[in-house]
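Novice: File target-v6.txt below, compact mmCIF, C-alpha atoms:
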# COMPACT_ATOMS: atom_id res chain seq x y z
CA MET B 1 175.87 84.97 106.35
CA GLY B 2 172.68 85.82 104.47
CA LEU B 3 171.57 82.20 104.39
CA ILE B 4 172.34 81.70 108.07
CA GLN B 5 170.41 84.84 109.03
CA ALA B 6 167.48 83.77 106.86
CA VAL B 7 167.38 80.35 108.51
CA ALA B 8 167.61 81.87 111.98
CA GLY B 9 164.90 84.41 111.16
CA ALA B 10 162.62 81.81 109.64
CA VAL B 11 162.94 79.41 112.57
CA GLY B 12 162.83 82.09 115.27
CA GLY B 13 159.78 83.84 113.80
CA MET B 14 158.03 80.55 113.17
CA LEU B 15 158.49 79.47 116.80
CA GLY B 16 157.32 82.86 118.09
CA ASP B 17 154.21 82.69 115.93
CA GLN B 18 153.21 79.30 117.31
CA TRP B 19 151.94 81.00 120.46
CA LYS B 20 148.33 82.08 120.54
CA ASP B 21 147.80 85.81 121.08
CA PHE B 22 145.16 87.85 122.87
CA TYR B 23 144.17 90.92 120.81
CA THR B 24 142.37 93.93 122.21
CA VAL B 25 141.95 97.70 121.92
CA PRO B 26 145.18 99.71 122.39
CA ALA B 27 145.45 101.92 125.47
CA GLY B 28 145.27 105.70 125.43
CA LEU B 29 142.94 106.14 122.47
CA PRO B 30 141.15 109.49 122.01
CA SER B 31 137.34 109.43 122.05
CA THR B 32 137.35 110.65 118.45
CA ALA B 33 139.37 107.69 117.09
CA ALA B 34 137.58 106.15 114.11
CA LEU B 35 139.90 103.33 112.95
CA PHE B 36 142.91 101.62 114.58
CA ALA B 37 144.65 98.25 114.63
CA ALA B 38 143.98 95.57 117.22
CA VAL B 39 147.10 94.94 119.28
CA PRO B 40 148.25 91.80 121.11
CA GLN B 41 148.31 92.14 124.86
CA GLY B 42 151.95 91.31 125.57
CA THR B 43 151.88 91.06 129.35
CA ASN B 44 149.29 90.87 132.09
CA ALA B 45 150.38 91.39 135.69
CA GLY B 46 153.91 90.52 134.65
CA ARG B 47 152.90 87.35 132.86
CA GLY B 48 153.55 86.85 129.16
CA SER B 49 156.51 85.27 127.39
CA ASN B 50 155.88 85.72 123.68
CA THR B 51 158.08 88.63 122.61
CA SER B 52 159.29 87.47 119.17
CA ALA B 53 156.02 87.01 117.27
CA SER B 54 155.63 88.64 113.85
CA SER B 55 153.74 91.93 113.82
CA ASN B 56 151.72 91.08 110.73
CA ILE B 57 150.73 87.48 111.50
CA ILE B 58 147.79 86.35 113.62
CA THR B 59 148.15 82.79 114.85
CA ASN B 60 145.26 80.35 114.58
CA GLY B 61 143.46 80.06 117.90
CA SER B 62 144.29 83.63 118.91
CA LYS B 63 141.43 85.44 120.62
CA ILE B 64 140.23 88.91 119.59
CA VAL B 65 137.88 90.87 121.84
CA VAL B 66 135.35 93.23 120.24
CA PRO B 67 134.03 95.79 122.78
CA GLU B 68 130.63 97.49 122.69
CA GLY B 69 130.33 100.22 120.09
CA TYR B 70 133.02 98.85 117.77
CA GLY B 71 133.23 96.60 114.76
CA LEU B 72 136.17 94.42 113.68
CA LEU B 73 137.58 94.29 110.15
CA LEU B 74 139.81 91.34 109.22
CA PHE B 75 142.50 91.67 106.54
CA GLN B 76 144.51 89.09 104.63
CA ASP B 77 147.24 90.43 102.34
CA GLY B 78 145.54 93.82 102.10
CA LYS B 79 142.09 92.44 101.35
CA ILE B 80 139.11 92.65 103.69
CA THR B 81 138.10 89.08 104.46
CA GLY B 82 135.58 89.55 107.23
CA PHE B 83 133.65 91.96 109.42
CA VAL B 84 132.22 91.47 112.91
CA ALA B 85 129.72 93.94 114.37
CA GLU B 86 128.59 92.09 117.50
CA PRO B 87 130.57 92.58 120.73
CA GLY B 88 132.25 89.54 122.26
CA GLY B 89 135.32 87.31 122.00
CA TYR B 90 136.28 85.70 118.67
CA GLU B 91 138.88 83.14 117.63
CA TRP B 92 141.07 83.68 114.59
CA ARG B 93 141.18 80.88 112.02
CA SER B 94 142.98 81.03 108.67
CA ASP B 95 144.14 78.52 106.05
CA ASP B 96 147.28 80.56 105.45
CA ILE B 97 150.40 78.53 106.20
CA ASN B 98 151.81 81.36 108.34
CA SER B 99 148.85 81.27 110.75
CA LYS B 100 149.04 77.55 111.49
CA SER B 101 150.13 76.52 114.97
CA ILE B 102 150.83 73.31 116.82
CA PHE B 103 148.79 74.80 119.69
CA ALA B 104 145.73 75.22 117.44
CA GLY B 105 145.50 71.59 116.32
CA ASP B 106 147.14 72.16 112.93
CA GLY B 107 149.53 69.22 113.32
CA ILE B 108 153.33 69.17 113.45
CA VAL B 109 154.63 69.14 109.89
CA SER B 110 152.76 72.11 108.46
CA PRO B 111 153.30 74.59 111.29
CA LEU B 112 156.98 73.75 111.88
CA ILE B 113 158.64 72.42 108.75
CA MET B 114 156.57 73.83 105.91
CA GLN B 115 156.16 77.22 107.58
CA SER B 116 159.92 77.51 108.16
CA TRP B 117 160.64 76.61 104.55
CA GLU B 118 158.12 79.12 103.19
CA ARG B 119 159.55 81.89 105.37
CA PHE B 120 163.11 80.99 104.35
CA LYS B 121 162.12 81.82 100.75
CA PHE B 122 161.35 85.39 101.86
CA GLY B 123 164.60 85.89 103.73
CA GLY B 124 163.23 84.67 107.05
CA GLN B 125 160.10 86.81 107.22
CA PRO B 126 156.49 85.72 106.60
CA GLY B 127 155.32 85.96 103.02
CA SER B 128 151.89 87.10 104.14
CA GLN B 129 150.25 89.94 106.02
CA GLN B 130 147.29 89.61 108.34
CA ALA B 131 145.68 92.29 110.45
CA ALA B 132 142.60 93.11 112.46
CA PHE B 133 141.30 96.68 112.75
CA TYR B 134 138.69 98.12 115.04
CA VAL B 135 136.27 100.64 113.54
CA SER B 136 134.10 102.85 115.74
CA LEU B 137 130.34 102.48 115.30
CA LYS B 138 129.61 105.28 117.78
CA GLU B 139 128.90 108.92 117.14
CA LEU B 140 132.28 110.61 116.78
CA PRO B 141 132.14 114.09 118.36
CA ASP B 142 133.99 117.39 118.12
CA ASN B 143 134.00 117.80 114.34
CA ARG B 144 133.93 121.58 113.90
CA PHE B 145 132.90 123.83 111.04
CA GLY B 146 132.92 127.57 110.46
CA THR B 147 132.76 130.14 107.67
CA GLN B 148 135.17 133.05 107.35
CA SER B 149 132.74 135.16 105.29
CA GLU B 150 128.99 135.22 104.70
CA ILE B 151 127.25 132.34 102.98
CA TYR B 152 123.96 133.00 101.19
CA TRP B 153 120.86 130.89 100.70
CA ASP B 154 117.25 131.30 99.56
CA ASP B 155 115.12 131.55 102.69
CA GLY B 156 111.58 130.17 102.44
CA PHE B 157 110.24 132.20 105.37
CA LEU B 158 111.70 135.60 104.53
CA ASN B 159 111.10 134.88 100.84
CA THR B 160 114.46 136.34 99.86
CA GLN B 161 118.18 135.66 99.97
CA VAL B 162 119.72 135.52 103.44
CA GLY B 163 123.39 135.86 104.39
CA ALA B 164 125.25 134.93 107.57
CA VAL B 165 128.56 133.88 109.08
CA THR B 166 128.12 130.71 111.13
CA ARG B 167 130.09 128.21 113.15
CA GLY B 168 129.33 125.04 115.07
CA SER B 169 130.11 121.34 115.36
CA TYR B 170 128.69 117.99 114.32
CA THR B 171 128.97 114.30 115.12
CA LEU B 172 129.93 111.75 112.48
CA LYS B 173 128.85 108.13 112.27
CA ILE B 174 130.37 105.34 110.21
CA VAL B 175 127.37 103.39 108.88
CA ASP B 176 129.28 101.20 106.40
CA PRO B 177 132.79 100.36 107.69
CA ILE B 178 133.75 98.39 104.55
CA LEU B 179 132.92 101.30 102.23
CA PHE B 180 134.67 103.68 104.62
CA VAL B 181 137.93 101.72 104.53
CA LYS B 182 137.84 100.77 100.85
CA ASN B 183 136.97 104.18 99.45
CA PHE B 184 138.18 106.77 101.93
CA VAL B 185 140.85 105.75 104.46
CA PRO B 186 144.39 106.24 103.09
CA ALA B 187 146.60 103.13 103.08
CA SER B 188 149.05 104.82 105.47
CA TYR B 189 146.47 104.39 108.26
CA LEU B 190 146.12 100.65 107.69
CA GLN B 191 149.28 99.96 109.67
CA PRO B 192 149.88 98.88 113.29
CA GLY B 193 150.12 101.85 115.61
CA LYS B 194 148.29 104.29 113.30
CA VAL B 195 145.01 105.91 114.35
CA PHE B 196 142.56 107.50 111.93
CA ASP B 197 141.03 110.47 113.76
CA PHE B 198 138.64 112.93 112.08
CA THR B 199 139.76 115.73 114.42
CA ASP B 200 143.47 115.27 113.73
CA LEU B 201 144.79 118.46 112.12
CA ASP B 202 147.39 116.46 110.21
CA ASN B 203 144.78 114.14 108.71
CA ALA B 204 144.38 115.37 105.12
CA ALA B 205 141.35 113.13 104.55
CA ALA B 206 139.57 114.68 107.54
CA ALA B 207 140.46 118.18 106.30
CA GLN B 208 138.75 117.33 103.02
CA LEU B 209 135.57 116.46 104.93
CA PHE B 210 135.71 119.83 106.71
CA ASN B 211 135.87 121.66 103.38
CA GLU B 212 132.96 119.66 102.01
CA VAL B 213 130.81 120.43 105.06
CA VAL B 214 131.50 124.16 104.74
CA GLY B 215 130.62 123.94 101.05
CA SER B 216 127.30 122.27 101.94
CA LEU B 217 126.14 124.74 104.61
CA ALA B 218 124.30 127.08 102.25
CA PRO B 219 122.33 124.25 100.55
CA ALA B 220 121.60 122.79 104.01
CA PHE B 221 120.19 126.09 105.30
CA SER B 222 118.07 126.36 102.16
CA LEU B 223 116.77 122.79 102.57
CA TYR B 224 115.87 123.43 106.20
CA THR B 225 114.13 126.79 105.79
CA ASN B 226 112.22 125.67 102.70
CA ASP B 227 110.88 122.54 104.41
CA PRO B 228 107.21 123.21 105.38
CA SER B 229 107.42 120.64 108.20
CA LYS B 230 110.02 122.86 109.93
CA GLY B 231 107.71 125.87 109.79
CA ASN B 232 110.24 127.63 107.53
CA ARG B 233 111.75 129.26 110.58
CA ILE B 234 115.47 130.04 110.46
CA THR B 235 115.32 130.66 114.21
CA LYS B 236 114.65 126.96 114.83
CA LEU B 237 118.09 125.95 113.56
CA GLN B 238 119.85 126.34 116.88
CA GLN B 239 117.23 124.30 118.76
CA ASP B 240 116.75 121.50 116.23
CA SER B 241 120.10 119.66 116.24
CA ILE B 242 118.74 116.46 114.67
CA GLY B 243 116.51 118.18 112.10
CA PHE B 244 119.27 120.41 110.80
CA ALA B 245 121.69 117.45 110.86
CA ARG B 246 119.39 115.69 108.39
CA SER B 247 119.36 118.73 106.14
CA LEU B 248 123.15 119.03 106.33
CA SER B 249 123.60 115.30 105.75
CA ASP B 250 121.25 115.44 102.74
CA ALA B 251 123.17 118.40 101.32
CA VAL B 252 126.52 116.63 101.82
CA GLU B 253 125.15 113.47 100.24
CA ALA B 254 123.83 115.38 97.24
CA GLY B 255 127.13 117.16 96.71
CA TYR B 256 129.74 114.60 97.79
CA GLN B 257 128.01 111.20 98.27
CA TRP B 258 129.25 110.63 101.81
CA LYS B 259 126.89 107.77 102.61
CA SER B 260 126.78 105.99 99.26
CA ASP B 261 130.53 106.24 98.53
CA ARG B 262 132.18 106.53 101.95
CA GLY B 263 129.75 105.01 104.44
CA LEU B 264 129.55 108.24 106.48
CA VAL B 265 126.61 110.32 107.76
CA ILE B 266 126.23 113.40 109.95
CA ALA B 267 124.25 112.39 113.04
CA LYS B 268 123.80 115.62 115.04
CA THR B 269 124.74 119.27 114.77
CA ALA B 270 125.21 122.12 117.22
CA ILE B 271 125.02 125.64 115.79
CA VAL B 272 127.14 127.76 118.11
CA SER B 273 126.46 131.10 116.42
CA ILE B 274 124.79 132.67 113.38
CA GLU B 275 125.80 136.26 112.62
CA TYR B 276 123.44 137.62 109.97
CA ASP B 277 124.48 140.35 107.55
CA ALA B 278 123.00 143.87 107.86
CA ASN B 279 120.19 143.37 105.32
CA THR B 280 119.03 140.15 106.98
CA LYS B 281 119.03 141.78 110.41
CA GLU B 282 116.68 144.49 109.14
CA LEU B 283 114.40 141.87 107.62
CA LEU B 284 114.28 139.95 110.88
CA LYS B 285 113.33 143.13 112.76
CA THR B 286 110.44 143.64 110.35
CA VAL B 287 109.33 140.03 110.87
CA GLN B 288 109.44 140.47 114.64
CA ARG B 289 107.21 143.56 114.39
CA ALA B 290 104.78 141.69 112.14
CA ASP B 291 104.68 138.78 114.59
CA ALA B 292 103.95 141.18 117.46
CA LEU B 293 101.03 142.74 115.55
CA SER B 294 99.42 139.48 114.44
CA GLY B 295 96.42 137.71 115.95
CA ALA B 296 94.51 138.76 119.09
CA ARG B 297 97.58 140.30 120.66
CA GLY B 298 98.10 142.46 117.57
CA ASN B 299 94.45 143.61 117.65
CA SER B 300 94.81 144.65 121.28
CA ASN B 301 98.05 146.48 120.57
CA LEU B 302 96.48 148.29 117.62
CA GLN B 303 93.40 149.36 119.59
CA ALA B 304 95.60 150.68 122.36
CA SER B 305 97.63 152.65 119.81
CA VAL B 306 94.46 154.15 118.31
CA ALA B 307 93.14 155.11 121.74
CA GLN B 308 96.41 156.80 122.54
CA GLY B 309 96.27 158.63 119.23
CA ILE B 310 92.72 159.85 119.88
CA GLN B 311 93.72 161.10 123.30
CA SER B 312 96.72 162.93 121.90
CA ALA B 313 94.65 164.42 119.07
CA GLY B 314 92.01 165.63 121.48
CA GLU B 315 94.60 167.29 123.66
CA ASN B 316 96.48 168.94 120.80
CA GLY B 317 94.20 169.42 117.86
CA GLY B 318 90.60 169.37 119.10
CA ALA B 319 87.91 168.26 116.66
CA ALA B 320 90.24 168.63 113.69
CA GLY B 321 92.67 166.25 115.32
CA LEU B 322 89.92 163.76 116.04
CA MET B 323 88.78 163.96 112.43
CA GLY B 324 92.34 163.21 111.32
CA VAL B 325 92.47 160.15 113.55
CA GLY B 326 89.16 158.97 112.15
CA MET B 327 90.40 159.32 108.60
CA ALA B 328 93.64 157.52 109.46
CA SER B 329 91.69 154.74 111.14
CA GLY B 330 89.66 154.21 108.02
CA MET B 331 92.74 154.14 105.81
CA MET B 332 94.48 151.61 108.06
CA GLY B 333 91.47 149.32 108.14
CA ILE B 334 90.94 149.92 111.83
CA GLY B 335 87.24 150.40 111.15
CA ASN B 336 87.03 146.64 110.70
CA MET B 337 87.79 146.08 114.38
CA GLN B 338 84.76 145.32 116.53
CA GLN B 339 83.59 148.46 118.36
CA PRO B 340 80.28 149.37 120.07
CA VAL B 341 77.92 151.02 117.54
CA ALA B 342 75.30 153.63 118.75
CA PRO B 343 71.76 153.27 117.34
CA PRO B 344 70.86 155.90 114.73
CA ALA B 345 69.00 158.94 116.01
CA PRO B 346 65.36 159.17 114.96
CA ALA B 347 64.56 161.63 112.22
CA ALA B 348 63.19 164.99 113.54
CA ASP B 349 60.08 165.01 111.23
CA ASP B 350 59.00 161.43 111.79
CA PRO B 351 55.33 161.63 113.09
CA ILE B 352 55.35 158.12 114.47
CA ALA B 353 58.43 158.90 116.50
CA LYS B 354 56.81 162.09 117.79
CA LEU B 355 53.64 160.23 118.83
CA LYS B 356 55.70 157.53 120.50
CA LYS B 357 57.63 160.12 122.45
CA ALA B 358 54.38 161.94 123.42
CA LYS B 359 52.79 158.67 124.62
CA GLU B 360 55.81 157.94 126.80
CA MET B 361 55.51 161.43 128.33
CA LEU B 362 51.74 160.89 128.94
CA ASP B 363 52.36 157.54 130.63
CA LEU B 364 54.98 159.14 132.88
CA GLY B 365 52.55 161.93 133.87
CA LEU B 366 54.65 164.62 132.32
CA ILE B 367 51.78 165.89 130.15
CA SER B 368 48.02 165.78 130.40
CA GLN B 369 45.56 163.97 128.13
CA ALA B 370 44.67 167.27 126.50
CA ASP B 371 48.33 168.02 125.82
CA TYR B 372 48.73 164.57 124.25
CA ASP B 373 45.65 165.07 122.05
CA ALA B 374 46.98 168.41 120.87
CA LEU B 375 50.40 166.91 120.01
CA LYS B 376 48.70 164.04 118.25
CA ALA B 377 46.59 166.35 116.12
CA LYS B 378 49.63 168.43 115.21
CA ALA B 379 51.75 165.39 114.27
CA LEU B 380 48.99 164.00 112.09
CA GLY B 381 48.23 167.40 110.55
CA LEU B 382 44.65 167.50 111.80
As structure tokens - that is how I would like this structure written.
Specialist:
Amino acid sequence: MGLIQAVAGAVGGMLGDQWKDFYTVPAGLPSTAALFAAVPQGTNAGRGSNTSASSNIITNGSKIVVPEGYGLLLFQDGKITGFVAEPGGYEWRSDDINSKSIFAGDGIVSPLIMQSWERFKFGGQPGSQQAAFYVSLKELPDNRFGTQSEIYWDDGFLNTQVGAVTRGSYTLKIVDPILFVKNFVPASYLQPGKVFDFTDLDNAAAAQLFNEVVGSLAPAFSLYTNDPSKGNRITKLQQDSIGFARSLSDAVEAGYQWKSDRGLVIAKTAIVSIEYDANTKELLKTVQRADALSGARGNSNLQASVAQGIQSAGENGGAAGLMGVGMASGMMGIGNMQQPVAPPAPAADDPIAKLKKAKEMLDLGLISQADYDALKAKALGL
């Protein structure tokens, strides 16, 4: 019975695999799918007769459609044999005996007789495995991160250590599909019907990426806030999704070699919340006060404060209060602010000043010539 079943399986599978197939993207894929097998389109509007083809054989002449935003990886017996990045329709060609077809111009003997004999040796099944897998070249969204406790980093703006609890999300991009599959994707996902999804909670490989991102957050914050081109402002993090993504991607690359070993990069980030610890909150309040008192606005605020202080001192403490304000102003450096300065009063015993004043009074008719001459004689000691 075993021989008969092997013969029947070899002949039946061989005949089914003579038909050309039309491969395309499977239906119902999530937007976060990163890698999945191309599937033959069995029927179209009720048309389609090939139901006994082998699941791991692609017949010569079969057409595979590559849509926009995807690449196509070709496998032969577990080995990557080709990669297509341009969208369009492609025809499968292979020298493997199991792919040959009478409908693809491969003759009669090889596709029918030799293929049946080769399959008979393996109990009726093909002794080869061929597959085509789509890999997403788009940004893959909804990859989330979050910390359960504070992380700490050296902040270039505050010039001290900063701590916070943070959460957000990022988009991933596969920049080298061959590295990604060779070095990262588990073999269990290189099967028909399996979908590699970074957001799948049961995907242990994706969970590892989550842990590595969380472990890279503190170095990423430090890289960002210590970069002079970013203005060293921690407050810019939530508005600069691309800039912080570069810092996070650099930190991940330095710690875990995502790009060089796995062909992955972080494209964009969205910081949903940053909850600073108590010490950092106090520091930020101090920085806000300093910002408010800097520049022209700060000078105006300070002058207004001094004026208010003078008014209060005059109401409550009289001259002593005003003296206190003057001393405080000098200590605070307020004396450096630009204020109107009254000309110094002339000395009481200055004869020239006295004569000048007497001449002004003479010119105004306030004194006579005799009065002026008497004042002049007195000032000059005559």
Novice: Please provide as a list in words all residues within 8 Å of B:Arg167, with the sequence filter that same-chain residues fewer than 6 positions apart are discarded (counting only C-alpha atoms).
Specialist: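 Counting only the stated atoms, we get Arg144, Phe145, Gly146, Thr147, Ile271, Val272, Ser273 and Ile274 of chain B.
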Novice: Keeping only C-alpha atoms, write the selected residues as a PDB file, in the coordinates of the input.
Specialist:
ATOM      1  CA  ARG B 144     133.930 121.580 113.900  1.00  0.00           C
ATOM      2  CA  PHE B 145     132.900 123.830 111.040  1.00  0.00           C
ATOM      3  CA  GLY B 146     132.920 127.570 110.460  1.00  0.00           C
ATOM      4  CA  THR B 147     132.760 130.140 107.670  1.00  0.00           C
ATOM      5  CA  ILE B 271     125.020 125.640 115.790  1.00  0.00           C
ATOM      6  CA  VAL B 272     127.140 127.760 118.110  1.00  0.00           C
ATOM      7  CA  SER B 273     126.460 131.100 116.420  1.00  0.00           C
ATOM      8  CA  ILE B 274     124.790 132.670 113.380  1.00  0.00           C
TER       9      ILE B 274
END
Novice: Considering all atoms listed in the file, state which residue in the set B:Asp277, B:Glu86, B:Asp240, B:Asp261 is at the smallest distance from B:Phe180.
Specialist: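 When distances to B:Phe180 are compared using all atoms listed in the file, the smallest one comes from B:Asp261.
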Novice: Write out as a list in words the residues lying within 12 Å of B:Val84, counting all atoms listed in the file and excluding same-chain residues fewer than 2 positions away.
Specialist: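 My reading of the contact set: Ile64, Val65, Val66, Pro67, Glu68, Gly69, Tyr70, Gly71, Leu72, Leu73, Leu74, Ile80, Thr81, Gly82, Glu86, Pro87, Gly88, Gly89, Tyr90, Glu91, Trp92, Ala132, Phe133, Tyr134, Val135, Ser136, Leu137, Pro177 and Ile178 of chain B.
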Novice: My list of candidates is B:Leu29, B:Leu364, B:Val39, B:Ala131. Which is closest to B:Ile58 when distances are computed with only C-alpha atoms?
Specialist: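 Using only C-alpha atoms, the shortest distance to B:Ile58 belongs to B:Ala131.
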Novice: Rounded to one decimal place, report the atom CA of B:Thr280-atom CA of B:Tyr152 distance in Å.
Specialist: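 Here the two named atoms are 10.4 Å from each other.
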Novice: Pick out the closest residue to B:Tyr23 from this set: B:Lys173, B:Ile57, B:Lys63, B:Asp200. Count only C-alpha atoms.
Specialist: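 Going through B:Lys173, B:Ile57, B:Lys63, B:Asp200 one by one, the smallest distance to B:Tyr23 is for B:Lys63.
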Novice: Rank nothing, just name the residue among B:Ala205, B:Ile242, B:Leu375, B:Val181 nearest to B:Gly263, using only C-alpha atoms.
Specialist: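 Comparing B:Ala205, B:Ile242, B:Leu375, B:Val181 against B:Gly263, the winner is B:Val181.
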